[in-house]
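Listing of start23.cif; format and content: mmCIF, C-alpha atoms.
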```cif
data_work
#
loop_
_atom_site.label_atom_id
_atom_site.label_comp_id
_atom_site.auth_asym_id
_atom_site.auth_seq_id
_atom_site.Cartn_x
_atom_site.Cartn_y
_atom_site.Cartn_z
CA MET Y 1 0.00 0.00 0.00
CA ALA Y 2 1.43 3.35 -1.00
CA LEU Y 3 -1.19 5.83 0.23
CA LEU Y 4 -1.22 5.50 4.00
CA PHE Y 5 -3.43 8.35 5.16
CA PHE Y 6 -5.16 11.58 4.19
CA GLU Y 7 -7.15 14.14 6.14
CA GLY Y 8 -9.21 17.24 5.38
CA PHE Y 9 -10.48 17.87 8.98
CA GLU Y 10 -14.09 18.40 7.83
CA GLN Y 11 -15.39 15.48 9.89
CA TYR Y 12 -14.62 17.14 13.23
CA SER Y 13 -16.35 19.83 15.25
CA ALA Y 14 -13.76 19.87 18.05
CA VAL Y 15 -10.11 18.90 18.44
CA SER Y 16 -11.10 16.44 21.18
CA GLN Y 17 -12.62 14.25 18.43
CA LEU Y 18 -9.35 14.34 16.51
CA ALA Y 19 -7.38 12.98 19.47
CA ASN Y 20 -9.79 10.26 20.55
CA TYR Y 21 -7.71 7.58 22.26
CA GLY Y 22 -9.71 4.75 20.75
CA SER Y 23 -9.48 5.89 17.16
CA TYR Y 24 -7.58 3.77 14.71
CA PHE Y 25 -7.12 3.32 11.01
CA ALA Y 26 -8.30 -0.22 10.49
CA ASN Y 27 -7.17 -1.63 7.13
CA SER Y 28 -4.09 0.53 6.64
CA SER Y 29 -0.59 -0.15 7.91
CA LEU Y 30 -1.31 2.61 10.40
CA GLY Y 31 -1.41 1.29 13.94
CA GLY Y 32 -3.33 4.38 15.00
CA ARG Y 33 -4.89 7.44 13.45
CA TRP Y 34 -4.21 10.63 15.39
CA GLY Y 35 -2.40 10.28 18.65
CA THR Y 36 -2.90 12.54 21.63
CA ILE Y 37 -2.73 16.29 21.05
CA ASN Y 38 0.11 18.07 22.81
CA ASP Y 39 -1.39 21.13 24.56
CA ALA Y 40 -4.92 20.66 23.18
CA THR Y 41 -6.04 23.99 24.68
CA ARG Y 42 -4.11 25.72 21.87
CA THR Y 43 -5.21 23.39 19.06
CA PHE Y 44 -8.48 23.98 17.21
CA ILE Y 45 -10.67 22.85 14.33
CA GLU Y 46 -11.00 26.05 12.27
CA THR Y 47 -12.90 27.32 9.21
CA THR Y 48 -9.93 29.03 7.50
CA THR Y 49 -9.13 26.54 4.74
CA TYR Y 50 -6.99 25.77 1.71
CA ARG Y 51 -8.85 26.21 -1.60
CA THR Y 52 -11.49 23.53 -1.03
CA THR Y 53 -15.19 24.22 -1.44
CA GLN Y 54 -16.92 21.28 0.18
CA PRO Y 55 -19.96 19.65 -1.47
CA ALA Y 56 -21.72 19.69 1.93
CA GLY Y 57 -21.01 21.05 5.37
CA THR Y 58 -18.27 23.54 6.27
CA SER Y 59 -14.67 23.55 5.08
CA LYS Y 60 -12.26 23.15 8.01
CA SER Y 61 -8.58 23.06 8.91
CA LEU Y 62 -6.37 22.37 11.93
CA ARG Y 63 -5.14 25.53 13.70
CA PHE Y 64 -2.44 25.92 16.34
CA THR Y 65 -1.84 29.05 18.41
CA SER Y 66 1.54 29.82 19.93
CA PRO Y 67 2.03 28.68 23.52
CA ASN Y 68 3.51 30.23 26.59
CA ALA Y 69 5.02 26.91 27.64
CA TRP Y 70 4.20 23.75 25.71
CA ASN Y 71 4.33 23.80 21.95
CA PRO Y 72 1.13 22.32 20.51
CA SER Y 73 1.34 19.49 18.00
CA ALA Y 74 -0.73 16.59 16.64
CA GLY Y 75 0.75 13.34 15.37
CA VAL Y 76 -0.37 10.52 13.09
CA TYR Y 77 1.11 7.14 14.00
CA PHE Y 78 1.82 4.19 11.69
CA ALA Y 79 4.04 1.15 11.25
CA SER Y 80 7.70 1.99 10.71
CA GLU Y 81 8.39 3.27 7.18
CA ALA Y 82 11.85 3.77 5.67
CA ASP Y 83 10.59 5.92 2.79
CA LEU Y 84 7.89 8.56 3.17
CA ILE Y 85 6.22 11.27 1.13
CA VAL Y 86 4.34 13.84 3.21
CA GLY Y 87 2.22 16.68 1.87
CA VAL Y 88 0.16 19.35 3.63
CA ALA Y 89 -1.15 22.86 3.04
CA VAL Y 90 0.39 25.36 5.50
CA ASN Y 91 -0.53 28.94 6.34
CA ALA Y 92 1.58 30.54 9.10
CA SER Y 93 1.48 34.08 10.46
CA LEU Y 94 5.24 34.09 11.23
CA TYR Y 95 7.98 32.36 9.19
CA PRO Y 96 9.59 30.20 11.89
CA ASP Y 97 6.39 29.32 13.73
CA TRP Y 98 5.40 26.02 12.10
CA LYS Y 99 6.92 22.56 11.82
CA ILE Y 100 6.36 19.19 10.19
CA ARG Y 101 8.18 16.52 12.23
CA LEU Y 102 9.00 12.90 11.45
CA GLY Y 103 9.79 10.70 14.43
CA SER Y 104 10.94 7.14 15.03
CA PRO Y 105 9.57 4.42 17.32
CA THR Y 106 12.12 5.32 19.98
CA SER Y 107 11.23 9.03 19.85
CA SER Y 108 9.04 10.83 22.33
CA PRO Y 109 5.42 10.35 21.21
CA TRP Y 110 4.68 14.02 21.77
CA LEU Y 111 7.12 15.41 19.21
CA GLY Y 112 6.97 18.52 21.33
CA SER Y 113 9.53 21.09 22.43
CA GLY Y 114 11.71 18.54 24.22
CA VAL Y 115 12.08 16.13 21.31
CA THR Y 116 15.61 15.69 20.05
CA HIS Y 117 15.04 12.59 17.93
CA SER Y 118 13.12 13.86 14.91
CA ILE Y 119 13.51 15.27 11.41
CA SER Y 120 11.82 18.64 11.04
CA LEU Y 121 10.72 20.72 8.06
CA GLY Y 122 9.92 24.41 8.56
CA ALA Y 123 10.91 27.91 7.49
CA ASN Y 124 13.22 30.67 8.69
CA THR Y 125 13.11 34.46 8.65
CA SER Y 126 14.79 34.52 5.23
CA GLN Y 127 11.65 32.81 3.90
CA GLN Y 128 13.65 29.65 3.20
CA LEU Y 129 12.33 26.15 3.77
CA ILE Y 130 14.74 24.22 6.00
CA VAL Y 131 15.11 20.57 7.00
CA ASP Y 132 16.94 19.70 10.23
CA ASN Y 133 18.06 16.47 11.86
CA ASN Y 134 17.37 17.33 15.50
CA ARG Y 135 19.21 14.25 16.74
CA THR Y 136 22.51 15.48 15.29
CA SER Y 137 21.65 19.23 15.41
CA THR Y 138 22.42 19.33 11.69
CA ARG Y 139 20.84 21.45 8.97
CA LEU Y 140 20.27 19.01 6.10
CA LEU Y 141 18.67 21.26 3.47
CA THR Y 142 18.07 24.97 2.86
CA THR Y 143 16.08 26.29 -0.09
CA ALA Y 144 16.47 29.65 -1.83
CA SER Y 145 15.23 32.80 -0.10
CA ASN Y 146 11.66 34.02 -0.62
CA THR Y 147 10.26 30.52 -0.99
CA PHE Y 148 7.73 30.57 1.86
CA TYR Y 149 5.50 33.60 2.57
CA THR Y 150 3.49 34.29 5.70
CA ASN Y 151 -0.31 34.58 5.81
CA THR Y 152 -0.42 32.67 2.52
CA TRP Y 153 -1.41 29.10 1.80
CA HIS Y 154 1.50 27.02 0.45
CA TYR Y 155 1.34 23.32 -0.35
CA ILE Y 156 4.50 21.78 1.15
CA GLU Y 157 5.71 18.27 0.27
CA MET Y 158 8.76 16.28 1.32
CA LYS Y 159 10.07 12.90 0.16
CA ILE Y 160 12.64 11.42 2.49
CA ASN Y 161 14.63 8.20 2.81
CA PHE Y 162 15.61 6.94 6.29
CA SER Y 163 19.34 6.20 6.09
CA ALA Y 164 22.78 7.23 7.28
CA THR Y 165 23.25 8.33 3.66
CA GLY Y 166 19.66 9.30 2.91
CA SER Y 167 18.05 11.68 0.46
CA ILE Y 168 15.47 14.48 0.70
CA GLU Y 169 13.42 16.36 -1.87
CA VAL Y 170 11.22 19.31 -0.88
CA ARG Y 171 8.50 20.84 -3.03
CA CYS Y 172 6.53 24.04 -2.55
CA ASP Y 173 3.31 24.49 -4.54
CA GLY Y 174 4.30 21.66 -6.86
CA ILE Y 175 7.82 22.93 -7.65
CA THR Y 176 11.01 21.24 -6.40
CA VAL Y 177 12.80 23.85 -4.29
CA GLY Y 178 15.52 21.71 -2.70
CA THR Y 179 17.21 18.32 -2.93
CA VAL Y 180 20.04 16.68 -1.03
CA SER Y 181 21.54 13.17 -0.86
CA GLY Y 182 24.16 11.36 1.19
CA VAL Y 183 22.97 12.89 4.48
CA ASP Y 184 21.98 11.30 7.78
CA THR Y 185 18.17 11.34 7.85
CA ARG Y 186 17.78 8.93 10.78
CA ALA Y 187 15.67 10.33 13.59
CA HIS Y 188 17.13 7.64 15.84
CA THR Y 189 20.02 5.28 15.14
CA SER Y 190 18.25 2.36 16.84
CA SER Y 191 15.28 2.60 14.42
CA THR Y 192 14.76 1.40 10.89
CA GLY Y 193 12.30 4.09 9.84
CA TYR Y 194 9.76 6.73 10.81
CA HIS Y 195 6.52 5.95 12.61
CA VAL Y 196 4.92 9.32 13.27
CA VAL Y 197 4.31 12.54 11.36
CA ALA Y 198 3.41 15.51 13.53
CA LEU Y 199 2.07 18.95 12.61
CA GLY Y 200 2.43 21.94 14.91
CA PHE Y 201 4.82 24.55 16.30
CA PRO Y 202 8.59 24.44 16.87
CA GLY Y 203 9.99 24.26 20.39
CA THR Y 204 10.51 28.04 20.55
CA VAL Y 205 8.10 30.47 18.91
CA THR Y 206 8.84 34.01 17.75
CA SER Y 207 6.00 35.70 19.59
CA ALA Y 208 4.21 33.65 22.24
CA GLY Y 209 0.46 34.10 22.28
CA THR Y 210 0.15 35.93 18.93
CA SER Y 211 1.32 33.45 16.28
CA THR Y 212 -0.93 31.00 14.41
CA ALA Y 213 -0.37 28.14 12.00
CA TYR Y 214 -3.03 26.41 9.89
CA TYR Y 215 -2.76 22.95 8.30
CA ASP Y 216 -5.15 21.44 5.75
CA ASP Y 217 -5.47 18.66 3.14
CA PHE Y 218 -2.79 16.39 4.55
CA TYR Y 219 -1.50 13.12 3.08
CA ILE Y 220 1.14 10.46 3.83
CA CYS Y 221 2.48 7.93 1.29
CA ASN Y 222 5.28 5.42 1.14
CA THR Y 223 7.09 4.41 -2.05
CA SER Y 224 5.71 0.88 -2.41
CA GLY Y 225 3.23 -0.37 -4.99
CA GLY Y 226 2.42 0.91 -8.45
CA THR Y 227 0.27 3.95 -7.59
CA ASN Y 228 0.32 6.82 -5.08
CA ASN Y 229 4.00 6.08 -4.43
CA ASN Y 230 5.44 9.51 -5.20
CA PHE Y 231 4.49 13.16 -4.80
CA LEU Y 232 0.71 13.58 -5.15
CA GLY Y 233 0.84 17.36 -5.60
CA SER Y 234 -1.49 19.82 -3.92
CA VAL Y 235 -4.27 17.39 -3.12
CA LYS Y 236 -7.72 18.43 -1.96
CA VAL Y 237 -9.80 16.33 0.41
CA TYR Y 238 -13.56 16.31 -0.14
CA THR Y 239 -15.79 15.08 2.68
CA LEU Y 240 -19.24 13.68 1.87
CA PHE Y 241 -22.12 13.22 4.30
CA PRO Y 242 -25.28 11.07 4.15
CA THR Y 243 -28.25 12.62 2.33
CA ALA Y 244 -30.57 9.60 1.93
CA ASN Y 245 -31.20 6.06 3.09
CA GLY Y 246 -29.31 3.42 1.12
CA THR Y 247 -30.51 0.13 -0.31
CA THR Y 248 -30.52 -1.59 3.11
CA ASN Y 249 -31.51 -0.06 6.46
CA GLN Y 250 -31.76 -2.58 9.30
CA PHE Y 251 -30.62 -0.39 12.21
CA THR Y 252 -33.13 1.68 14.21
CA PRO Y 253 -32.85 5.50 14.06
CA VAL Y 254 -32.83 7.32 17.41
CA GLY Y 255 -33.53 11.05 17.68
CA ALA Y 256 -34.39 11.37 13.98
CA ALA Y 257 -37.14 10.17 11.65
CA THR Y 258 -34.83 8.43 9.18
CA ASN Y 259 -31.57 6.49 9.40
CA TRP Y 260 -29.53 8.86 7.24
CA ASP Y 261 -30.78 11.90 9.18
CA ALA Y 262 -29.61 10.28 12.42
CA VAL Y 263 -25.98 10.09 11.19
CA LYS Y 264 -25.61 13.06 8.84
CA GLU Y 265 -24.06 15.56 11.25
CA GLN Y 266 -20.65 17.00 10.32
CA GLY Y 267 -19.32 16.54 13.84
CA PRO Y 268 -20.42 13.37 15.70
CA ASP Y 269 -22.93 13.72 18.54
CA THR Y 270 -24.73 11.37 20.92
CA THR Y 271 -28.20 12.84 20.34
CA THR Y 272 -29.02 11.26 16.99
CA TYR Y 273 -27.70 7.83 15.98
CA VAL Y 274 -28.67 4.39 14.71
CA SER Y 275 -28.55 1.22 16.80
CA THR Y 276 -29.15 -2.52 16.69
CA SER Y 277 -29.07 -5.36 19.22
CA SER Y 278 -28.68 -8.05 16.57
CA ALA Y 279 -25.76 -9.41 14.57
CA ASN Y 280 -25.63 -9.38 10.77
CA GLN Y 281 -27.55 -6.14 10.43
CA VAL Y 282 -26.59 -3.60 7.74
CA ASP Y 283 -27.31 0.12 7.50
CA MET Y 284 -26.35 1.95 4.28
CA TYR Y 285 -26.58 5.60 3.23
CA GLY Y 286 -26.52 7.58 0.03
CA LEU Y 287 -24.15 10.56 -0.03
CA SER Y 288 -23.95 14.04 -1.48
CA ASP Y 289 -22.20 14.17 -4.87
CA MET Y 290 -18.64 15.53 -5.11
CA GLY Y 291 -19.65 18.47 -7.29
CA VAL Y 292 -16.21 18.48 -8.99
CA THR Y 293 -14.39 16.28 -11.50
CA PRO Y 294 -10.84 15.60 -10.22
CA THR Y 295 -8.12 14.47 -12.59
CA THR Y 296 -7.25 11.67 -10.14
CA ILE Y 297 -8.99 10.29 -7.07
CA HIS Y 298 -6.25 8.72 -4.97
CA GLY Y 299 -8.53 6.91 -2.53
CA VAL Y 300 -11.67 6.93 -0.41
CA ILE Y 301 -11.85 6.79 3.39
CA THR Y 302 -14.99 5.79 5.27
CA GLY Y 303 -15.45 6.35 8.99
CA SER Y 304 -17.86 5.65 11.83
CA TRP Y 305 -18.13 6.16 15.58
CA SER Y 306 -19.50 3.28 17.66
CA THR Y 307 -20.18 2.28 21.26
CA LYS Y 308 -22.13 -0.46 23.02
CA THR Y 309 -24.52 -0.44 25.97
CA GLU Y 310 -24.39 -4.09 27.12
CA ASN Y 311 -21.77 -6.63 28.14
CA THR Y 312 -22.55 -8.97 25.24
CA PRO Y 313 -19.62 -9.14 22.78
CA ARG Y 314 -20.31 -6.85 19.80
CA GLN Y 315 -18.38 -6.05 16.66
CA VAL Y 316 -18.99 -3.73 13.72
CA ARG Y 317 -17.32 -2.87 10.43
CA ASN Y 318 -17.60 -0.14 7.84
CA LYS Y 319 -19.00 -1.01 4.42
CA LEU Y 320 -18.83 0.59 1.00
CA THR Y 321 -20.78 -0.32 -2.14
CA VAL Y 322 -20.63 0.85 -5.75
CA SER Y 323 -23.22 -0.45 -8.23
CA GLY Y 324 -23.97 -3.48 -6.09
CA ASN Y 325 -20.34 -4.43 -5.43
CA THR Y 326 -19.13 -4.29 -1.81
CA SER Y 327 -15.89 -3.64 0.07
CA ASN Y 328 -15.80 -4.37 3.80
CA GLY Y 329 -13.68 -2.60 6.35
CA THR Y 330 -11.80 -4.29 9.16
CA THR Y 331 -13.89 -5.61 12.05
CA CYS Y 332 -13.60 -3.58 15.24
CA SER Y 333 -14.93 -4.02 18.78
CA PRO Y 334 -16.86 -1.16 20.43
CA ILE Y 335 -16.60 -0.65 24.18
CA ILE Y 336 -19.06 0.46 26.85
CA GLY Y 337 -19.06 4.10 27.89
CA SER Y 338 -16.99 5.61 25.09
CA TYR Y 339 -17.24 6.10 21.34
CA LEU Y 340 -14.43 4.68 19.22
CA HIS Y 341 -13.68 6.03 15.78
CA ALA Y 342 -12.80 3.56 13.02
CA GLN Y 343 -11.68 4.51 9.50
CA ASP Y 344 -10.97 2.35 6.46
CA LEU Y 345 -8.94 3.36 3.42
CA PHE Y 346 -10.01 2.01 0.02
CA ILE Y 347 -7.43 2.63 -2.70
CA THR Y 348 -9.62 1.03 -5.39
CA THR Y 349 -13.31 0.48 -6.03
CA PRO Y 350 -14.89 -2.81 -4.87
CA THR Y 351 -14.14 -4.28 -8.30
CA GLY Y 352 -10.47 -3.28 -8.09
CA GLY Y 353 -10.53 -0.32 -10.48
CA ALA Y 354 -9.29 3.21 -10.05
CA TRP Y 355 -11.82 5.60 -8.53
CA THR Y 356 -13.74 7.98 -10.80
CA GLN Y 357 -16.14 10.77 -9.97
CA ALA Y 358 -19.00 8.58 -11.22
CA ASP Y 359 -17.97 5.83 -8.77
CA VAL Y 360 -17.87 8.23 -5.84
CA ASP Y 361 -21.22 9.80 -6.79
CA ALA Y 362 -22.80 6.31 -7.01
CA MET Y 363 -21.21 5.10 -3.77
CA GLN Y 364 -23.09 4.15 -0.63
CA ILE Y 365 -21.41 3.80 2.75
CA GLY Y 366 -22.59 2.30 6.00
CA VAL Y 367 -21.99 -0.08 8.88
CA GLU Y 368 -22.62 -3.75 9.64
CA SER Y 369 -23.02 -5.47 12.98
CA ILE Y 370 -21.01 -8.69 13.20
#
```

Once you've parsed the file, please lay out its structure as structure tokens.
Amino acid sequence: MALLFFEGFEQYSAVSQLANYGSYFANSSLGGRWGTINDATRTFIETTTYRTTQPAGTSKSLRFTSPNAWNPSAGVYFASEADLIVGVAVNASLYPDWKIRLGSPTSSPWLGSGVTHSISLGANTSQQLIVDNNRTSTRLLTTASNTFYTNTWHYIEMKINFSATGSIEVRCDGITVGTVSGVDTRAHTSSTGYHVVALGFPGTVTSAGTSTAYYDDFYICNTSGGTNNNFLGSVKVYTLFPTANGTTNQFTPVGAATNWDAVKEQGPDTTTYVSTSSANQVDMYGLSDMGVTPTTIHGVITGSWSTKTENTPRQVRNKLTVSGNTSNGTTCSPIIGSYLHAQDLFITTPTGGAWTQADVDAMQIGVESI
């Protein structure tokens, strides 16, 4: 699998949903989705976004404000990868006050101000993009001046190889602005790769309390497979929500007249939902159309939040259908007293083909009790 993860942040109404401890990315090599948020009081889901008009709901991004002590960050965790491509839209109010960090399994999970074992990509006051190995306190790459501008959306991408003689390529808005090879890109010498990508602030900010950094339309790839194994360019993430009941509705709606209306909210709530006390029940929903025709659709992610109210063993899985053909997500086990968030990444349609706009517009998503 080459495409590991992507995120547009539209599915959240609060940062607490982003950092849910039980969330995981089921059928990807990711062991977890987002980890805990470092200094969540300064991390927000925001409506300032990168060039994406959503087909439904509100466009959103992830915003950090500068701290007085801790530096806020949010990390995505996955199995160790020796080759990564990372892309994200960045808008920062001050040049030095944003970072993309890559950490190893032996690194601090926070990737915060005290982390010394990480590779970081950011900018300096000369408007240059810079890549540092924080373990060796070495500057690995510096681009030309006037590459990164404040209060402007830039799409930043980096391809990096984990090695004592590794290579790095950095792109800004689709243009290669820096390359280097034969450098030590290891975040930790005891590791074989990276296992976390974190977005946030550097350890020291220019002006505490007044600086902001926005992140949007984020992706992570590795270099394996035949597709999605290189730079994807300035991707846009479109988030679709239920607009109608699907072909099968066997769950019971609570707090709403119809099944789709019970689960259509942009941010999850516990007021309206669907439920079942039986196994082998399916609930499917039609979605809003994309409203655009992309050149390439790299993949589709489906997600659901689930809990249970009794001690009987229960399992659920996400489902996706296109023209009667079905793909099933990985089975997960809800717990009592807390909602867990499960996501599944589908690189191809249920018949194994590349995604098209027509496929996405015809798609139904839902859940199944196991």

Taking 6 positions as the minimum chain separation for residues in the same chain, which residues sit within 7 Å of Ser80 of chain Y when counting only C-alpha atoms? Answer as JSON, numbers by chain. {"Y": [193, 194, 195]}

Taking the file as shown, what set of residues would the PyMOL selection byres ((chain Y and resi 318) around 6) give back, as a CSV table (one decimal) with C-alpha atoms, keeping the file's coordinate frame?
```
chain,number,residue,atom,x,y,z
Y,317,ARG,CA,-17.3,-2.9,10.4
Y,319,LYS,CA,-19.0,-1.0,4.4
Y,329,GLY,CA,-13.7,-2.6,6.4
Y,366,GLY,CA,-22.6,2.3,6.0
Y,367,VAL,CA,-22.0,-0.1,8.9
```

Could you list, with a cut-off of 8 Å and counting only C-alpha atoms, the residues of segment 171-285 of chain Y near segment 93-98 of chain Y, each shown with its nearest atom pair and the distance in Å rounded to one decimal, rows sorted by chain and ascending number, as CSV?
```
residue,atom,partner,partner_atom,distance
Y:Leu199,CA,Y:Trp98,CA,7.8
Y:Gly200,CA,Y:Trp98,CA,5.8
Y:Phe201,CA,Y:Trp98,CA,4.5
Y:Pro202,CA,Y:Trp98,CA,6.0
Y:Val205,CA,Y:Asp97,CA,5.6
Y:Thr206,CA,Y:Asp97,CA,6.6
Y:Ser211,CA,Y:Ser93,CA,5.9
Y:Thr212,CA,Y:Ser93,CA,5.6
Y:Ala213,CA,Y:Trp98,CA,6.1
```

Give me the residues near segment 219-226 of chain Y as a short mmCIF file (atom, residue, chain, number, x, y, z; two decimals) with C-alpha atoms, in the frame of the given file, where near means some atom within 8 Å (using all atoms listed in the file) and where sequence neighbours in that chain fewer than 3 positions away do not count.
```cif
data_model
loop_
_atom_site.label_atom_id
_atom_site.label_comp_id
_atom_site.auth_asym_id
_atom_site.auth_seq_id
_atom_site.Cartn_x
_atom_site.Cartn_y
_atom_site.Cartn_z
CA MET Y 1 0.00 0.00 0.00
CA ALA Y 2 1.43 3.35 -1.00
CA LEU Y 3 -1.19 5.83 0.23
CA LEU Y 4 -1.22 5.50 4.00
CA PHE Y 5 -3.43 8.35 5.16
CA PHE Y 6 -5.16 11.58 4.19
CA GLU Y 7 -7.15 14.14 6.14
CA GLU Y 81 8.39 3.27 7.18
CA ASP Y 83 10.59 5.92 2.79
CA LEU Y 84 7.89 8.56 3.17
CA ILE Y 85 6.22 11.27 1.13
CA VAL Y 86 4.34 13.84 3.21
CA GLY Y 87 2.22 16.68 1.87
CA VAL Y 88 0.16 19.35 3.63
CA ASN Y 229 4.00 6.08 -4.43
CA ASN Y 230 5.44 9.51 -5.20
#
```

Chain and number of each residue from the PyMOL selection byres ((chain Y and resi 334) around 10), as a ChimeraX atom specification: /Y:22,305-309,313-316,331-333,335-342

At most 6 Å from (-2.1, 21.6, 20.1), file frame, all atoms listed in the file: which residues, as a short mmCIF file (atom, residue, chain, number, x, y, z; two decimals) with C-alpha atoms, keeping the file's coordinate frame?
```cif
data_model
loop_
_atom_site.label_atom_id
_atom_site.label_comp_id
_atom_site.auth_asym_id
_atom_site.auth_seq_id
_atom_site.Cartn_x
_atom_site.Cartn_y
_atom_site.Cartn_z
CA ILE Y 37 -2.73 16.29 21.05
CA ASN Y 38 0.11 18.07 22.81
CA ASP Y 39 -1.39 21.13 24.56
CA ALA Y 40 -4.92 20.66 23.18
CA ARG Y 42 -4.11 25.72 21.87
CA THR Y 43 -5.21 23.39 19.06
CA PHE Y 64 -2.44 25.92 16.34
CA PRO Y 72 1.13 22.32 20.51
CA SER Y 73 1.34 19.49 18.00
#
```

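Reported to one decimal place, the separation of atom CA of Asn146 of chain Y from atom CA of Ile160 of chain Y is 22.8 Å.
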